[in-house]
Amino acid sequence: MDQTKIVELLLTAEIYNRFEELNEDDIPKEIRKLFYGKNGINRPLVVKLDVAKRYAGRNVDDVRSLPFIDFNDFNKQFKITSFDLTVKWFLKRGIDAIKRNPVLAYYYQNYDSVGVSYEDVKKLNKPKHSDKEWLKTIIAELEKNEETSDMLGLVRLYSPEDIKVEFHEVALDETQLQEFNKIEVALEKREFLEKIGVTEVGKLLFIGPPGTGKTTTARALSKKLHLPLVEVKLSMITSQFLGETSKNIEKVFEIAKKLNPCILFIDEFDYVAKTRTSDEHAAVKRAVNTLLKSIDEINLVEDGVVLIAATNHPSLLDSAVWRRFDKIIEFPQPSERIRKRIFQLSLSKVPGNFDIDELVELTEGFTGAEIKLVIREAVLNSLLTGKEEVEHELLVQAVRNVRERLNLKISY
Ligand SMILES: Nc1ncnc2c1ncn2[C@@H]1O[C@H](COP(=O)(O)OP(=O)(O)O)[C@@H](O)[C@H]1O
Ligand SMILES: [Mg+2]
């Protein structure tokens, strides 16, 4: 087992070094992350003892018995001494690895007996921009320069690996899903779209009441599409200093372009527009104009940036803003079907027997956030009585409590 793994590692490094046409996206994620240096991944890939151990476990020494592998005790480095023998040896033992490692598939696809296609294997491999390590090298690069390091303070950056919520854990309706599928194919066919001049894609505006899943969906999309996420709240970059807000907006878009490809998620999108109505300050107008201009100048096809803006108050946005987006995606108060899905998803790991249909009926008008609150309450109340299993009655009771709270909020 360890032997095969370390030979996979050595062979991947060797083939990658030999064929310049292979790039970082061809290397499997688990191998790629061993080789990140200051400026990303550089040729030649050299397999040192510590790297080999991280990949193949402690017993990498087993490999010394293989006649085509050499270990240099002085610089603690493994080396393939006969490429042909290694290739033959690995063909017998590593077929599984060949089928999920594009670098190996690239070489072995010329062997008829293997029946593997490089293109197919590559499709299954996650691209480098989904690596946490890749994001780290970009951040390190931005930190070096004073101007760009200032930018980092304005946004939150997530690698898809850091995002907890899975796309299938968000209850979405058919229309929403279809729009997200379009983004996915547009990303895949970027070059084609550029060639035929269809560039106005990938700018979405999420509208709907608080707690309906807008932020969660933006994050889950980052995970699903393997794209890093640049998250910014407009209220956080708005400054009372003249011109500062405009500069900040420009910087945020600049970061997104540097991260290409990524998702730029602008939350509280109405914040700037809202301030405009309250006082027609010249600086505020300028900020709005900067925002509009920045949106015009960015697109998925050329810059690799999916732009998602979200607002709980769409009526505050003027038509100049609406027009900038290719698609308005509504997040309404969840329908019966969506509420059912949220209950099913959120209760799937909670021990107990539940009448989900009754809960769906009782929670008419609840948002996803309120349904989650109901479940949290019931679970905690259950624990309070010393039980991990949740009784259905406790959920019903929690629905009542949350409903009372909602009514209280409305009456004030
Ligand atoms: N459609 C949904 N599917 C799954 N969870 C949801 C949904 N809508 C809301 N939630 C849950 O409610 C909470 C708040 O959602 P959030 O995305 O912050 O809402 P918004 O950004 O629209 O205010 C999150 O914990 C989220 O998981
Ligand atoms: Mg939100």
# chains A, B, ... in the order shown; residues from 1 in each chain; ligands from 1
call {"tool": "residues_near_ligand", "arguments": {"ligand": "ligand 2", "cutoff": "7 Å", "atoms": "only C-alpha atoms and all ligand atoms", "output": "PyMOL selection string"}}
result
chain A and resi 210-211+213-215+267
call {"tool": "residues_near_ligand", "arguments": {"ligand": "ligand 1", "cutoff": "9 Å", "atoms": "only C-alpha atoms and all ligand atoms", "output": "JSON, numbers by chain"}}
result
{"A": [165, 168, 169, 170, 171, 172, 173, 206, 207, 208, 209, 210, 211, 212, 213, 214, 215, 216, 217, 218, 219, 267, 310, 311, 312, 331, 333, 334, 338, 339, 341, 342, 343, 345, 346, 367, 368, 369, 370, 371, 372, 373]}
call {"tool": "write_last_selection", "arguments": {"atoms": "C-alpha atoms", "output": "mmCIF file, in the first residue's frame"}}
result
data_model
loop_
_atom_site.group_PDB
_atom_site.id
_atom_site.type_symbol
_atom_site.label_atom_id
_atom_site.label_comp_id
_atom_site.auth_asym_id
_atom_site.auth_seq_id
_atom_site.Cartn_x
_atom_site.Cartn_y
_atom_site.Cartn_z
ATOM 1 C CA VAL A 165 -22.364 24.164 3.897
ATOM 2 C CA HIS A 168 -27.309 20.039 -1.611
ATOM 3 C CA GLU A 169 -28.001 21.154 1.953
ATOM 4 C CA VAL A 170 -29.631 24.339 0.725
ATOM 5 C CA ALA A 171 -33.280 24.014 -0.254
ATOM 6 C CA LEU A 172 -33.664 25.732 -3.612
ATOM 7 C CA ASP A 173 -36.455 25.787 -6.167
ATOM 8 C CA PHE A 206 -30.327 37.910 -4.964
ATOM 9 C CA ILE A 207 -33.398 39.561 -3.508
ATOM 10 C CA GLY A 208 -35.627 38.492 -0.633
ATOM 11 C CA PRO A 209 -36.380 38.916 3.059
ATOM 12 C CA PRO A 210 -33.672 38.220 5.647
ATOM 13 C CA GLY A 211 -33.143 34.585 6.542
ATOM 14 C CA THR A 212 -34.174 33.109 3.199
ATOM 15 C CA GLY A 213 -30.769 31.668 2.336
ATOM 16 C CA LYS A 214 -29.070 34.313 0.184
ATOM 17 C CA THR A 215 -25.741 34.327 2.006
ATOM 18 C CA THR A 216 -25.822 30.565 2.487
ATOM 19 C CA THR A 217 -26.444 30.012 -1.225
ATOM 20 C CA ALA A 218 -23.552 32.275 -2.262
ATOM 21 C CA ARG A 219 -21.219 30.306 0.010
ATOM 22 C CA ASP A 267 -23.916 41.672 0.667
ATOM 23 C CA ALA A 310 -27.692 40.428 -2.300
ATOM 24 C CA THR A 311 -30.268 42.698 -0.736
ATOM 25 C CA ASN A 312 -33.149 42.402 1.703
ATOM 26 C CA PHE A 331 -35.526 34.225 -2.441
ATOM 27 C CA GLN A 333 -40.678 33.293 1.972
ATOM 28 C CA PRO A 334 -40.271 29.557 1.484
ATOM 29 C CA ILE A 338 -39.122 24.309 0.341
ATOM 30 C CA ARG A 339 -40.057 24.277 4.040
ATOM 31 C CA ARG A 341 -37.047 20.215 2.274
ATOM 32 C CA ILE A 342 -35.444 22.422 4.933
ATOM 33 C CA PHE A 343 -37.029 20.327 7.694
ATOM 34 C CA LEU A 345 -32.379 18.332 5.573
ATOM 35 C CA SER A 346 -32.069 19.841 9.034
ATOM 36 C CA THR A 367 -38.110 31.686 6.733
ATOM 37 C CA GLY A 368 -35.367 29.076 6.553
ATOM 38 C CA ALA A 369 -33.566 30.880 9.357
ATOM 39 C CA GLU A 370 -36.677 30.618 11.573
ATOM 40 C CA ILE A 371 -37.058 26.927 10.850
ATOM 41 C CA LYS A 372 -33.444 26.398 11.881
ATOM 42 C CA LEU A 373 -34.181 28.359 15.036
#
call {"tool": "atom_distance", "arguments": {"atom1": "atom CA of A:Leu104", "atom2": "atom CA of A:Ala56"}}
result
17.0 Å
call {"tool": "residues_around", "arguments": {"residues": "stretch 31-46 of chain A", "least_positions_apart": "4", "cutoff": "6 Å", "atoms": "only C-alpha atoms", "output": "list in words"}}
result
Ala13, Asn17 and Ile27 of chain A
call {"tool": "write_last_selection", "arguments": {"atoms": "C-alpha atoms", "output": "PDB file, in the first residue's frame"}}
result
ATOM      1  CA  ALA A  13       6.388  14.252 -10.207  1.00  0.00           C
ATOM      2  CA  ASN A  17       8.531  17.406 -14.944  1.00  0.00           C
ATOM      3  CA  ILE A  27      -2.040  17.323 -10.490  1.00  0.00           C
TER       4      ILE A  27
END
call {"tool": "atom_distance", "arguments": {"atom1": "atom CA of A:Leu9", "atom2": "atom CA of A:Trp134"}}
result
19.6 Å
call {"tool": "closest_atom_pairs", "arguments": {"of": "stretch 199-262 of chain A", "to": "stretch 156-164 of chain A", "cutoff": "9 Å", "atoms": "only C-alpha atoms", "output": "tab-separated table"}}
result
residue	atom	partner	partner_atom	distance
A:Arg219	CA	A:Ile163	CA	6.7
A:Ala220	CA	A:Ile163	CA	7.3
A:Leu221	CA	A:Pro160	CA	8.9
A:Ser222	CA	A:Pro160	CA	5.7
A:Lys223	CA	A:Pro160	CA	4.5
A:Lys224	CA	A:Pro160	CA	8.0
A:Leu225	CA	A:Pro160	CA	8.4
A:His226	CA	A:Pro160	CA	5.7
A:Leu227	CA	A:Pro160	CA	6.1
A:Pro228	CA	A:Ser159	CA	4.6
A:Leu229	CA	A:Tyr158	CA	5.0
A:Val230	CA	A:Leu157	CA	4.8
A:Glu231	CA	A:Arg156	CA	5.1
A:Val232	CA	A:Arg156	CA	6.4
call {"tool": "residues_around", "arguments": {"residues": "A:Arg190", "least_positions_apart": "5", "cutoff": "12 Å", "atoms": "only C-alpha atoms", "output": "list of chain:residue names"}}
result
A:Lys182, A:Ile183, A:Glu184, A:Val185, A:Lys195, A:Ile196, A:Gly197, A:Val198, A:Thr199, A:Glu200, A:Val201, A:Gly202, A:Pro261, A:Asn299, A:Leu300, A:Val301, A:Glu302, A:Asp303, A:Gly304, A:Val305, A:Val306
call {"tool": "select_by_dssp", "arguments": {"residues": "stretch 212-321 of chain A", "states": "alpha helix (DSSP H)", "output": "MDAnalysis selection string"}}
result
chainID A and resid 214:224 234:237 244:259 270:278 282:296 300:303 319:321
call {"tool": "residues_around", "arguments": {"residues": "A:Leu204", "least_positions_apart": "6", "cutoff": "6 Å", "atoms": "only C-alpha atoms", "output": "mmCIF file with C-alpha atoms, in the first residue's frame"}}
result
data_model
loop_
_atom_site.group_PDB
_atom_site.id
_atom_site.type_symbol
_atom_site.label_atom_id
_atom_site.label_comp_id
_atom_site.auth_asym_id
_atom_site.auth_seq_id
_atom_site.Cartn_x
_atom_site.Cartn_y
_atom_site.Cartn_z
ATOM 1 C CA ILE A 308 -23.433 38.006 -6.773
ATOM 2 C CA PHE A 325 -27.609 42.364 -13.522
ATOM 3 C CA LYS A 327 -30.506 37.759 -13.619
ATOM 4 C CA ILE A 328 -32.571 38.659 -10.610
#
call {"tool": "atom_distance", "arguments": {"atom1": "atom CA of A:Lys53", "atom2": "atom CA of A:Leu10"}}
result
12.2 Å
call {"tool": "residues_around", "arguments": {"residues": "A:Ser246", "least_positions_apart": "3", "cutoff": "7 Å", "atoms": "only C-alpha atoms", "output": "number ranges by chain"}}
result
A: 243, 249-250, 286-287, 290
call {"tool": "write_last_selection", "arguments": {"atoms": "all heavy atoms", "output": "mmCIF file, in the first residue's frame"}}
result
data_model
loop_
_atom_site.group_PDB
_atom_site.id
_atom_site.type_symbol
_atom_site.label_atom_id
_atom_site.label_comp_id
_atom_site.auth_asym_id
_atom_site.auth_seq_id
_atom_site.Cartn_x
_atom_site.Cartn_y
_atom_site.Cartn_z
ATOM 1 N N GLY A 243 -14.651 60.371 -0.654
ATOM 2 C CA GLY A 243 -13.938 59.624 -1.690
ATOM 3 C C GLY A 243 -13.435 58.263 -1.249
ATOM 4 O O GLY A 243 -13.061 57.445 -2.076
ATOM 5 N N ILE A 249 -14.486 50.518 -2.985
ATOM 6 C CA ILE A 249 -15.240 49.704 -3.954
ATOM 7 C C ILE A 249 -14.310 49.256 -5.082
ATOM 8 O O ILE A 249 -14.290 48.088 -5.470
ATOM 9 C CB ILE A 249 -16.442 50.500 -4.512
ATOM 10 C CG1 ILE A 249 -17.479 50.704 -3.401
ATOM 11 C CG2 ILE A 249 -17.068 49.791 -5.715
ATOM 12 C CD1 ILE A 249 -18.597 51.660 -3.744
ATOM 13 N N GLU A 250 -13.520 50.205 -5.562
ATOM 14 C CA GLU A 250 -12.575 49.847 -6.643
ATOM 15 C C GLU A 250 -11.615 48.751 -6.190
ATOM 16 O O GLU A 250 -11.318 47.818 -6.931
ATOM 17 C CB GLU A 250 -11.782 51.083 -7.082
ATOM 18 C CG GLU A 250 -12.568 51.945 -8.047
ATOM 19 C CD GLU A 250 -11.945 53.321 -8.261
ATOM 20 O OE1 GLU A 250 -10.883 53.611 -7.663
ATOM 21 O OE2 GLU A 250 -12.543 54.106 -9.012
ATOM 22 N N ARG A 286 -20.994 59.687 -5.914
ATOM 23 C CA ARG A 286 -19.789 59.189 -6.561
ATOM 24 C C ARG A 286 -19.598 57.703 -6.267
ATOM 25 O O ARG A 286 -19.206 56.926 -7.137
ATOM 26 C CB ARG A 286 -18.581 59.984 -6.072
ATOM 27 C CG ARG A 286 -17.544 60.150 -7.162
ATOM 28 C CD ARG A 286 -16.463 61.082 -6.735
ATOM 29 N NE ARG A 286 -15.247 60.359 -6.419
ATOM 30 C CZ ARG A 286 -14.271 60.856 -5.663
ATOM 31 N NH1 ARG A 286 -14.403 62.053 -5.114
ATOM 32 N NH2 ARG A 286 -13.192 60.156 -5.454
ATOM 33 N N ALA A 287 -19.885 57.326 -5.043
ATOM 34 C CA ALA A 287 -19.738 55.919 -4.660
ATOM 35 C C ALA A 287 -20.676 55.041 -5.485
ATOM 36 O O ALA A 287 -20.284 53.980 -5.970
ATOM 37 C CB ALA A 287 -20.010 55.744 -3.173
ATOM 38 N N THR A 290 -19.297 54.757 -8.930
ATOM 39 C CA THR A 290 -18.150 53.846 -8.952
ATOM 40 C C THR A 290 -18.629 52.404 -8.950
ATOM 41 O O THR A 290 -18.121 51.553 -9.678
ATOM 42 C CB THR A 290 -17.245 54.060 -7.727
ATOM 43 O OG1 THR A 290 -16.906 55.434 -7.665
ATOM 44 C CG2 THR A 290 -15.992 53.217 -7.809
#
call {"tool": "residues_around", "arguments": {"residues": "stretch 145-148 of chain A", "least_positions_apart": "5", "cutoff": "10 Å", "atoms": "only C-alpha atoms", "output": "PyMOL selection string"}}
result
chain A and resi 139-140+153+251+254-255
call {"tool": "closest_residue", "arguments": {"among": "A:Lys285, A:Arg337, A:Arg403, A:Lys387", "to": "A:Glu174", "atoms": "only C-alpha atoms"}}
result
A:Arg337
